[in-house]
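A.B. asks: Below you will find the structure I want to go over with you.
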Amino acid sequence: MSFDVVLRSIFSAAFLASVLRISTPLILPALGGLITDLSGAINIALEGIMLVSAFTGVIVSAYSGSVGLGVIAGVISGILISYVLGWFHLHMKTDIILAGIAINILATGGTIFLLFVLTGDKGNSQSLASGTVPNIHLPFIQDIPFIGRVISGQHVFVWIAFLLTWLVAVYLYRTPWGSHLRAVGENPDAAETMGINVNRTRMIALLISGFLASFGGLTMSMAYLSFFQREMTAGRGFIALAAVYLGGRKPWGTLAAAILFGFADALSHQLGSLRVPSQLVQTIPYVVTILALVIYNLREQAIKRDRQRKFYEQQQAEMGSGGGL
Amino acid sequence: MIRKLYMKPFVREFLRILLAITISLGLGFIITLLVSDDPVGAYQAFLTGPLTRINRTGEWIKETITLTLLGLSVALVFKANLFSLGQEGQMLLGALVSGSISLFVPLPAILRIPLALIAAMVVGYLFGALPGYLKAHLNANEIVSTLMLNAIALRLYDYFLIFHIKPEGAGYNASDFFPKEGILPTFIPNVPFLAEAYELFSRRANITIMLYIAIAVVILTWYVMYRTPYGYELRMLGANSKFASYGGINTKKTIVLAFAVSGIVSGLAGAHLGMGIHEKLIANITIGIAFEGIVVALLARNNPIAVPFAALAYGYLRAGADIMERTSDVSREMVLVIQAIIILLVTAERVLPIIQQRVNAARANNNLSMNSEKPALEEGG
């Protein structure tokens with residue numbers, strides 16, 4: 001395959017549709033990571049929360065025969081797991097990183113263990129008849145030549161991801177709870193003094209984060225694939241954390257970063273046919289994230305220095321005018 | 001007397017960890033009861049398995065060596081109150097570099113093996129220094145940066161393995177077996193009066209000279225941490241970073257070094273995976289062991305001397321789980337559940353204090369009721 005064929009396939013509707021599909025299980029946990037990050041805690045457990053929800057969704061939908069019940073159970077399980085994380089972190093004073101690692105291990109081991117108990121198979125749940133969420137065909141838009149093929153016919157979680165991004169943006173920047181959450185993240189002591197309950201705010205942030213990440217997990221097992229597979233999240237929870245930083249800790253930035261990761265993933269599959277090693281292409285988003293982290297912090301430092309200089313100049317000016325009097 | 005003993009932090013820590021392990025093993029047994037047809041047999045296999053055959057004991061010791069190195073690597077960073085999740089990446093690159101030298105550098109074993117080990121340590125040092133530098137000079141979050149570097153290392157490892165190292169046309173993603181000059185020798189020297197033991201171990205349980213290297217690294221880490229100025233700075237930084245920097249410690253340099261030195265040890269652990277355990281490079285060589293160093297360091301409370309003991313205990317559980325899976329109907333993932341509970345219980349700062357509070361409260365209540373009873377008695381009398 002020559003280069004222009006690859007280029008053409010990258011700008012094809014099918015490719016862009018696949019980018020959206022691959023990005024969705026990154027966008028949703030990334031939003032969860034964003035909320036906890038802004039509240040001043042790093043949620044390492046996104047990976048584990050996704051796994052548990054993916055598993056619960058499949059199992060409940062298989063045994064109840066209802067996709068809706070599966071989704072609800074998956075979301076509840078995700079929230080419960082983040083409650084456990086929050087309880088250990090906030091009440092038992094466990095370090096959140098270590099608690100998060102423990103949750104991830106628990107999720108990896110627990111899901112495989114239960115999968116084996118329920119199906120006798122440690123690899124996947126294909127022997128169970130679990131459901132998938134419906135695809136949404138948009139009546140008029142699907143007839144538009146290019147765009148129709150990109151956005152119509154996507155599964156419902158793609159839409160939920162965009163909807164939730166908007167809701168998270170509104171929550172964080174347009175509601176008092178959102179500003180409380182950010183205040184707690186910026187300076188917990190000051191927030192405490194202002195009468196904000198720091199622990200409760202952080203717990204709520206963790207629960208919302210579990211809610212969002214659980215949709216990511218459900219996307220994996222009930223839309224992207226139609227069954228549960230051991231360790232199927234394959235590091236997506238960590239990529240989601242990276243997307244938060246790459247996105248400048250803003251909701252729409254996080255969404256864009258997650259889509260960029262999805263794009264790189266989809267691209268590496270395409271380039272595989274060009275004999276460009278896909279492994280090397282896949283490193284690009286991580287390198288970019290580290291660079292973004294560096295640039296973000298350099299900018300923060302510059303802003304800080306700038307503030308200090310201004311403060312100093314102001315003081316000098318005041319002292320000068322004071323001396324004049 | 002017992003109370004005095006209990007007051008000692010070391011004893012208290014030890015009791016706390018013992019309590020955590022006991023509780024989680026108990027929970028593990030309850031889980032086994034629920035899922036197994038022969039729970040006692042399964043649990044027996046789990047708890048006694050590693051001692052039943054010499055090759056199983058060998059597996060346990062080999063696992064312990066890796067865990068000891070990883071635990072030391074994590075402890076070196078944790079001691080400075082920093083976090084690093086980068087051991088996986090450092091191990092992968094250590095395994096890659098040492099494995100390539102074992103495979104392709106035509107030197108006799110006496111030169112090839114040291115060269116491979118040193119190369120693994122150098123790569124670990126450099127790959128460890130990177131997140132340290134980003135943290136110290138640019139204040140970049142070390143958790144995110146080490147996770148990203150892991151992801152990068154994993155892909156680099158796969159790339160070199162698939163495109164350069166694996167034999168032409170092979171249908172699997174693994175290298176050839178290392179030549180004899182590239183494999184670590186058995187820990188018992190091949191001398192006449194030990195011939196029998198040498199034969200036994202090299203055939204049945206191939207524990208390598210990495211055993212001695214690991215012990216040396218334990219002692220060296222202890223020495224560096226407690227007997228050198230660098231170790232003092234490291235511990236100072238961990239105890240109180242502001243105080244350390246006011247006290248004239250170059251905190252930036254210390255942070256970079258903390259990560260880099262930790263990387264050396266992880267790189268060595270990676271070399272052990274290739275040259276000591278698998279004897280070839282395979283895909284996903286670090287799977288299942290990437291974050292285990294953290295558990296070991298936690299159990300050892302970042303004390304280098306305690307690390308090998310924690311690794312022995314923890315390696316025992318892991319080896320036992322493998323045997324349980326092979327000999328019963330319980331899958332080895334149960335040990336992951338046990339492991340998670342151990343982490344939560346050991347790190348929950350308030351587990352023991354809460355019990356302590358209850359005991360104190362109960363005692364105070366007793367005293368109170370005894371005191372209040374006295375006057376009542378007197379009145380009655």
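Residue numbers start at 1 in each chain; chains themselves are named A, B, ... in the order of the structure tokens; ligands are numbered from 1 in the order shown.
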Using 8 Å as the limit and counting only C-alpha atoms, can you tabulate each residue of chain B that touches chain A, with its shortest atom-to-atom distance in Å and the two atoms involved, as a tab-separated table?
C.D. replies:
```
residue	atom	partner	partner_atom	distance
B:Val35	CA	A:Val117	CA	6.9
B:Leu134	CA	A:Val294	CA	7.3
B:Leu138	CA	A:Asn297	CA	6.0
B:Asn139	CA	A:Asn297	CA	6.5
B:Ala140	CA	A:Leu293	CA	6.1
B:Asn141	CA	A:Leu293	CA	7.9
B:Val144	CA	A:Ala242	CA	6.6
B:Ser145	CA	A:Ile290	CA	6.2
B:Leu147	CA	A:Phe238	CA	7.2
B:Met148	CA	A:Tyr286	CA	5.5
B:Leu149	CA	A:Tyr286	CA	7.5
B:Ala151	CA	A:Tyr286	CA	7.1
B:Ile152	CA	A:Thr283	CA	5.3
B:Arg155	CA	A:Gln279	CA	5.1
B:Leu156	CA	A:Gln279	CA	6.8
B:Asp158	CA	A:Gln279	CA	6.9
B:Tyr159	CA	A:Gln279	CA	5.7
B:Ser331	CA	A:Phe113	CA	6.3
B:Arg332	CA	A:Phe113	CA	7.9
B:Glu333	CA	A:Gly109	CA	4.8
B:Met334	CA	A:Gly109	CA	6.4
B:Val335	CA	A:Gly109	CA	7.7
B:Leu336	CA	A:Gly109	CA	5.0
B:Val337	CA	A:Leu106	CA	5.0
B:Gln339	CA	A:Ile105	CA	7.6
B:Ala340	CA	A:Ala102	CA	4.5
B:Ile341	CA	A:Ala102	CA	7.2
B:Ile343	CA	A:Ala102	CA	6.0
B:Leu344	CA	A:Ala99	CA	6.0
B:Thr347	CA	A:Thr94	CA	5.3
B:Ala348	CA	A:Thr94	CA	4.3
B:Glu349	CA	A:Lys93	CA	5.6
B:Arg350	CA	A:Met92	CA	5.2
B:Val351	CA	A:Met92	CA	7.0
```
A.B. asks: For those residues, write N, CA and C atoms to a file as a compact mmCIF listing (two decimals), in the first residue's frame.
C.D. replies:
```
# COMPACT_ATOMS: atom_id res chain seq x y z
N VAL B 35 -16.11 -21.20 46.85
CA VAL B 35 -16.03 -21.60 45.44
C VAL B 35 -15.49 -23.01 45.21
N LEU B 134 12.45 15.48 35.56
CA LEU B 134 11.20 16.19 35.27
C LEU B 134 10.53 16.66 36.56
N LEU B 138 11.15 20.55 36.79
CA LEU B 138 9.96 21.10 36.12
C LEU B 138 8.70 20.83 36.91
N ASN B 139 8.85 20.19 38.08
CA ASN B 139 7.72 19.90 38.93
C ASN B 139 6.65 19.09 38.21
N ALA B 140 7.07 18.24 37.29
CA ALA B 140 6.11 17.40 36.56
C ALA B 140 5.71 16.23 37.46
N ASN B 141 4.43 15.96 37.50
CA ASN B 141 3.91 14.90 38.37
C ASN B 141 4.59 13.57 38.06
N VAL B 144 2.35 10.45 36.83
CA VAL B 144 1.98 10.46 35.42
C VAL B 144 3.19 10.20 34.54
N SER B 145 4.32 10.87 34.86
CA SER B 145 5.48 10.72 33.96
C SER B 145 6.00 9.28 34.01
N LEU B 147 4.28 6.57 34.60
CA LEU B 147 3.33 5.73 33.88
C LEU B 147 3.52 5.87 32.37
N MET B 148 3.74 7.12 31.92
CA MET B 148 3.95 7.34 30.49
C MET B 148 5.22 6.65 30.03
N LEU B 149 6.28 6.76 30.85
CA LEU B 149 7.55 6.13 30.46
C LEU B 149 7.41 4.61 30.42
N ALA B 151 4.70 3.04 29.50
CA ALA B 151 4.01 2.75 28.24
C ALA B 151 4.99 2.84 27.07
N ILE B 152 5.88 3.85 27.13
CA ILE B 152 6.85 4.01 26.05
C ILE B 152 7.83 2.81 26.05
N ARG B 155 6.42 -0.37 24.55
CA ARG B 155 6.35 -0.39 23.10
C ARG B 155 7.73 -0.50 22.46
N LEU B 156 8.70 0.16 23.08
CA LEU B 156 10.07 0.02 22.57
C LEU B 156 10.53 -1.43 22.68
N ASP B 158 8.66 -4.14 22.75
CA ASP B 158 7.97 -4.95 21.74
C ASP B 158 8.58 -4.72 20.36
N TYR B 159 8.87 -3.45 20.07
CA TYR B 159 9.42 -3.13 18.75
C TYR B 159 10.74 -3.86 18.52
N SER B 331 -8.61 -20.72 41.19
CA SER B 331 -7.63 -20.08 40.29
C SER B 331 -6.68 -19.20 41.09
N ARG B 332 -5.50 -19.01 40.49
CA ARG B 332 -4.43 -18.31 41.20
C ARG B 332 -4.75 -16.84 41.46
N GLU B 333 -5.74 -16.31 40.78
CA GLU B 333 -6.05 -14.90 40.96
C GLU B 333 -6.54 -14.59 42.37
N MET B 334 -6.88 -15.65 43.13
CA MET B 334 -7.29 -15.38 44.50
C MET B 334 -6.20 -14.65 45.26
N VAL B 335 -4.94 -14.94 44.91
CA VAL B 335 -3.85 -14.29 45.63
C VAL B 335 -3.85 -12.79 45.36
N LEU B 336 -4.36 -12.39 44.20
CA LEU B 336 -4.43 -10.95 43.92
C LEU B 336 -5.41 -10.28 44.87
N VAL B 337 -6.52 -10.98 45.13
CA VAL B 337 -7.50 -10.43 46.06
C VAL B 337 -6.87 -10.30 47.45
N GLN B 339 -3.75 -10.05 48.10
CA GLN B 339 -2.74 -8.99 48.01
C GLN B 339 -3.36 -7.61 48.16
N ALA B 340 -4.48 -7.39 47.47
CA ALA B 340 -5.14 -6.08 47.54
C ALA B 340 -5.57 -5.78 48.98
N ILE B 341 -6.09 -6.80 49.65
CA ILE B 341 -6.54 -6.57 51.02
C ILE B 341 -5.35 -6.28 51.93
N ILE B 343 -2.57 -4.78 51.04
CA ILE B 343 -2.15 -3.39 50.80
C ILE B 343 -3.07 -2.44 51.55
N LEU B 344 -4.38 -2.66 51.42
CA LEU B 344 -5.33 -1.73 52.04
C LEU B 344 -5.15 -1.73 53.56
N THR B 347 -1.66 -0.18 54.65
CA THR B 347 -1.49 1.25 54.42
C THR B 347 -2.53 2.09 55.15
N ALA B 348 -3.64 1.45 55.55
CA ALA B 348 -4.65 2.23 56.26
C ALA B 348 -4.08 2.62 57.61
N GLU B 349 -3.73 3.90 57.73
CA GLU B 349 -3.03 4.33 58.94
C GLU B 349 -3.88 4.16 60.18
N ARG B 350 -5.16 4.04 59.96
CA ARG B 350 -6.01 4.07 61.15
C ARG B 350 -6.48 2.70 61.58
N VAL B 351 -6.06 1.63 60.89
CA VAL B 351 -6.55 0.32 61.30
C VAL B 351 -6.15 0.01 62.73
```
A.B. asks: Please identify the helix (DSSP H, G or I) residues within range 63-112 of chain B (assignment by DSSP from backbone atoms) and present them as a PyMOL selection string.
C.D. replies: chain B and resi 63-78+87-104+109-112
A.B. asks: So which residues touch range 12-27 of chain A within 7 Å, counting only C-alpha atoms, skipping near sequence neighbours fewer than 3 positions away, as a list in words?
C.D. replies: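 Residues near the query, excluding close chain neighbours: Arg8, Ser9, Ala30, Leu31, Phe146, Arg149, Val150, Ile151, Val158, Ala161, Gly216, Gly217, Thr219, Met220, Arg236, Ala240, Leu255, Ala258, Ile259, Gly262, Phe263 and Ala266 of chain A.
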A.B. asks: Would you write out those residues with all heavy atoms, as a short mmCIF file (atom, residue, chain, number, x, y, z; two decimals), in the first residue's frame?
C.D. replies:
```cif
data_model
loop_
_atom_site.label_atom_id
_atom_site.label_comp_id
_atom_site.auth_asym_id
_atom_site.auth_seq_id
_atom_site.Cartn_x
_atom_site.Cartn_y
_atom_site.Cartn_z
N ARG A 8 -5.45 8.72 2.13
CA ARG A 8 -6.86 8.76 1.77
C ARG A 8 -7.70 7.98 2.77
O ARG A 8 -8.77 8.40 3.16
CB ARG A 8 -7.06 8.20 0.35
CG ARG A 8 -7.95 9.11 -0.48
CD ARG A 8 -8.09 8.61 -1.89
NE ARG A 8 -6.83 8.63 -2.62
CZ ARG A 8 -6.47 7.70 -3.51
NH1 ARG A 8 -7.26 6.67 -3.76
NH2 ARG A 8 -5.33 7.80 -4.13
N SER A 9 -7.13 6.84 3.25
CA SER A 9 -7.92 6.05 4.19
C SER A 9 -8.03 6.76 5.54
O SER A 9 -9.00 6.59 6.26
CB SER A 9 -7.31 4.66 4.36
OG SER A 9 -6.12 4.75 5.09
N ALA A 30 -11.37 9.53 31.34
CA ALA A 30 -10.56 10.75 31.43
C ALA A 30 -11.35 11.85 32.13
O ALA A 30 -10.79 12.61 32.94
CB ALA A 30 -10.11 11.20 30.04
N LEU A 31 -12.64 11.94 31.86
CA LEU A 31 -13.47 12.93 32.55
C LEU A 31 -13.48 12.64 34.05
O LEU A 31 -13.40 13.55 34.88
CB LEU A 31 -14.90 12.89 32.02
CG LEU A 31 -15.10 13.39 30.59
CD1 LEU A 31 -16.54 13.13 30.16
CD2 LEU A 31 -14.77 14.86 30.49
N PHE A 146 -20.60 12.65 3.85
CA PHE A 146 -19.43 12.26 4.63
C PHE A 146 -19.76 12.17 6.12
O PHE A 146 -19.57 11.14 6.77
CB PHE A 146 -18.32 13.29 4.38
CG PHE A 146 -17.01 12.91 5.00
CD1 PHE A 146 -16.17 11.98 4.39
CD2 PHE A 146 -16.60 13.48 6.20
CE1 PHE A 146 -14.97 11.63 4.96
CE2 PHE A 146 -15.39 13.14 6.77
CZ PHE A 146 -14.58 12.22 6.14
N ARG A 149 -21.83 9.31 7.60
CA ARG A 149 -21.18 8.01 7.83
C ARG A 149 -20.26 8.04 9.04
O ARG A 149 -19.94 7.01 9.62
CB ARG A 149 -20.41 7.58 6.58
CG ARG A 149 -21.34 6.99 5.54
CD ARG A 149 -20.58 6.49 4.34
NE ARG A 149 -19.52 5.56 4.67
CZ ARG A 149 -18.41 5.42 3.95
NH1 ARG A 149 -18.23 6.16 2.87
NH2 ARG A 149 -17.49 4.56 4.29
N VAL A 150 -19.82 9.26 9.43
CA VAL A 150 -18.97 9.34 10.62
C VAL A 150 -19.80 9.25 11.89
O VAL A 150 -19.52 8.46 12.77
CB VAL A 150 -18.14 10.66 10.63
CG1 VAL A 150 -17.34 10.77 11.92
CG2 VAL A 150 -17.22 10.71 9.43
N ILE A 151 -20.86 10.08 11.96
CA ILE A 151 -21.53 10.18 13.25
C ILE A 151 -22.81 9.36 13.35
O ILE A 151 -23.27 9.10 14.45
CB ILE A 151 -21.82 11.65 13.65
CG1 ILE A 151 -22.77 12.31 12.67
CG2 ILE A 151 -20.54 12.43 13.80
CD1 ILE A 151 -23.20 13.68 13.12
N VAL A 158 -20.98 6.66 22.59
CA VAL A 158 -20.27 7.77 21.95
C VAL A 158 -20.98 9.07 22.25
O VAL A 158 -20.36 10.08 22.62
CB VAL A 158 -20.18 7.54 20.43
CG1 VAL A 158 -19.62 8.77 19.74
CG2 VAL A 158 -19.32 6.32 20.12
N ALA A 161 -20.69 10.07 25.87
CA ALA A 161 -19.39 10.65 26.18
C ALA A 161 -19.38 12.15 25.92
O ALA A 161 -18.91 12.95 26.75
CB ALA A 161 -18.29 9.97 25.37
N GLY A 216 -17.03 4.12 30.82
CA GLY A 216 -15.90 3.70 30.00
C GLY A 216 -15.77 2.18 29.97
O GLY A 216 -15.56 1.56 28.93
N GLY A 217 -15.92 1.57 31.16
CA GLY A 217 -15.83 0.11 31.24
C GLY A 217 -16.94 -0.56 30.46
O GLY A 217 -16.71 -1.52 29.70
N THR A 219 -18.50 0.63 27.96
CA THR A 219 -18.24 0.78 26.53
C THR A 219 -17.37 -0.37 26.02
O THR A 219 -17.60 -0.90 24.94
CB THR A 219 -17.50 2.11 26.27
OG1 THR A 219 -18.20 3.15 26.91
CG2 THR A 219 -17.38 2.38 24.79
N MET A 220 -16.39 -0.75 26.85
CA MET A 220 -15.49 -1.82 26.42
C MET A 220 -16.22 -3.14 26.21
O MET A 220 -16.01 -3.84 25.23
CB MET A 220 -14.38 -2.03 27.46
CG MET A 220 -13.34 -0.95 27.54
SD MET A 220 -12.54 -0.63 25.98
CE MET A 220 -11.73 -2.19 25.69
N ARG A 236 -6.09 1.50 29.66
CA ARG A 236 -6.85 2.69 29.24
C ARG A 236 -7.06 3.66 30.40
O ARG A 236 -7.13 4.87 30.19
CB ARG A 236 -8.19 2.29 28.65
CG ARG A 236 -8.05 1.74 27.26
CD ARG A 236 -9.41 1.47 26.63
NE ARG A 236 -9.26 1.06 25.25
CZ ARG A 236 -8.87 -0.15 24.88
NH1 ARG A 236 -8.56 -1.05 25.78
NH2 ARG A 236 -8.76 -0.46 23.60
N ALA A 240 -6.10 7.50 30.21
CA ALA A 240 -7.09 8.51 30.55
C ALA A 240 -6.49 9.58 31.46
O ALA A 240 -6.72 10.77 31.27
CB ALA A 240 -8.30 7.87 31.22
N LEU A 255 -11.29 16.01 26.51
CA LEU A 255 -11.97 15.29 25.42
C LEU A 255 -11.09 15.26 24.17
O LEU A 255 -10.89 14.21 23.56
CB LEU A 255 -13.31 15.98 25.11
CG LEU A 255 -14.06 15.42 23.91
CD1 LEU A 255 -15.18 14.53 24.38
CD2 LEU A 255 -14.60 16.52 23.04
N ALA A 258 -8.16 12.93 24.63
CA ALA A 258 -8.56 11.53 24.55
C ALA A 258 -8.78 11.12 23.09
O ALA A 258 -8.40 10.02 22.67
CB ALA A 258 -9.82 11.29 25.37
N ILE A 259 -9.37 12.03 22.31
CA ILE A 259 -9.58 11.72 20.89
C ILE A 259 -8.23 11.61 20.17
O ILE A 259 -8.04 10.76 19.30
CB ILE A 259 -10.50 12.77 20.23
CG1 ILE A 259 -11.91 12.64 20.82
CG2 ILE A 259 -10.53 12.60 18.71
CD1 ILE A 259 -12.89 13.65 20.30
N GLY A 262 -6.97 8.29 20.79
CA GLY A 262 -7.72 7.35 19.96
C GLY A 262 -7.25 7.41 18.52
O GLY A 262 -7.09 6.37 17.85
N PHE A 263 -6.98 8.63 18.05
CA PHE A 263 -6.51 8.83 16.69
C PHE A 263 -5.18 8.12 16.47
O PHE A 263 -4.98 7.39 15.48
CB PHE A 263 -6.39 10.33 16.41
CG PHE A 263 -5.92 10.66 15.03
CD1 PHE A 263 -6.82 10.63 13.97
CD2 PHE A 263 -4.60 10.99 14.78
CE1 PHE A 263 -6.40 10.93 12.69
CE2 PHE A 263 -4.17 11.29 13.51
CZ PHE A 263 -5.08 11.25 12.46
N ALA A 266 -5.76 4.39 16.28
CA ALA A 266 -6.33 3.99 15.00
C ALA A 266 -5.29 4.11 13.88
O ALA A 266 -5.17 3.26 13.00
CB ALA A 266 -7.56 4.84 14.68
#
```
A.B. asks: For a quick check of understanding, using only C-alpha atoms, which of B:Ile23, B:Leu107, B:Ile61, B:Ile285 has the smallest distance to Asn206 in chain B?
C.D. replies: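 Ranking B:Ile23, B:Leu107, B:Ile61, B:Ile285 by distance to Asn206 in chain B, first place goes to B:Ile61.
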A.B. asks: May I have the residues within 7 Å of range 83-98 of chain B as a PDB file with C-alpha atoms, in the first residue's frame, using only C-alpha atoms and disregarding those fewer than 2 positions away in the same chain?
C.D. replies:
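After the write, selection.pdb holds the following:
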```pdb
ATOM      1  CA  VAL B  77      12.090   6.289  46.194  1.00  0.00           C
ATOM      2  CA  PHE B  78       9.479   5.933  48.930  1.00  0.00           C
ATOM      3  CA  ASN B  81       8.561  10.473  50.273  1.00  0.00           C
ATOM      4  CA  SER B 100      20.521  -8.365  23.616  1.00  0.00           C
ATOM      5  CA  ILE B 101      24.047  -8.511  25.007  1.00  0.00           C
ATOM      6  CA  SER B 102      23.526 -12.115  26.166  1.00  0.00           C
ATOM      7  CA  ALA B 116      25.006  -7.427  30.396  1.00  0.00           C
ATOM      8  CA  LEU B 117      24.288  -6.720  34.066  1.00  0.00           C
ATOM      9  CA  ALA B 119      24.318  -2.368  30.839  1.00  0.00           C
ATOM     10  CA  ALA B 120      20.973  -3.165  32.486  1.00  0.00           C
ATOM     11  CA  MET B 121      21.925  -1.020  35.469  1.00  0.00           C
ATOM     12  CA  VAL B 123      19.841   1.831  31.304  1.00  0.00           C
ATOM     13  CA  GLY B 124      17.841   1.637  34.535  1.00  0.00           C
ATOM     14  CA  PHE B 127      15.506   5.773  32.461  1.00  0.00           C
ATOM     15  CA  GLY B 128      15.019   6.358  36.177  1.00  0.00           C
ATOM     16  CA  GLU B 142       6.077  11.820  38.839  1.00  0.00           C
ATOM     17  CA  ILE B 143       3.174   9.377  38.830  1.00  0.00           C
ATOM     18  CA  THR B 146       6.543   7.275  35.206  1.00  0.00           C
ATOM     19  CA  LEU B 147       3.328   5.728  33.876  1.00  0.00           C
ATOM     20  CA  LEU B 149       7.548   6.130  30.463  1.00  0.00           C
ATOM     21  CA  ASN B 150       6.311   2.606  31.241  1.00  0.00           C
ATOM     22  CA  ALA B 153       9.264   1.350  27.332  1.00  0.00           C
ATOM     23  CA  LEU B 154       6.727  -1.400  26.729  1.00  0.00           C
ATOM     24  CA  TYR B 157      10.595  -3.437  24.050  1.00  0.00           C
ATOM     25  CA  GLY B 263      16.234   2.675  38.414  1.00  0.00           C
ATOM     26  CA  SER B 266      14.966  -2.159  38.752  1.00  0.00           C
ATOM     27  CA  GLY B 267      17.193  -2.556  35.714  1.00  0.00           C
ATOM     28  CA  LEU B 268      18.977  -5.356  37.529  1.00  0.00           C
ATOM     29  CA  ALA B 269      15.629  -6.989  38.289  1.00  0.00           C
ATOM     30  CA  GLY B 270      14.865  -6.832  34.576  1.00  0.00           C
ATOM     31  CA  ALA B 271      18.162  -8.540  33.779  1.00  0.00           C
ATOM     32  CA  LEU B 273      13.915 -11.852  34.416  1.00  0.00           C
ATOM     33  CA  GLY B 274      15.738 -12.528  31.168  1.00  0.00           C
ATOM     34  CA  THR B 286       7.017  -8.151  33.270  1.00  0.00           C
ATOM     35  CA  ALA B 290       5.112  -4.694  37.556  1.00  0.00           C
TER      36      ALA B 290
END
```
A.B. asks: Residues at most 12 Å from Arg56 in chain B, counting only C-alpha atoms, excluding those fewer than 4 positions away in the same chain, as number ranges by chain?
C.D. replies: B: 45-46, 48-52, 60-63, 201, 204-207, 315-316, 318-324, 326
A.B. asks: Quick one: residues within 10 Å of Tyr172 in chain B, only C-alpha atoms, excluding same-chain residues fewer than 5 positions away - as a ChimeraX atom specification?
C.D. replies: /B:162,166-167,282-283
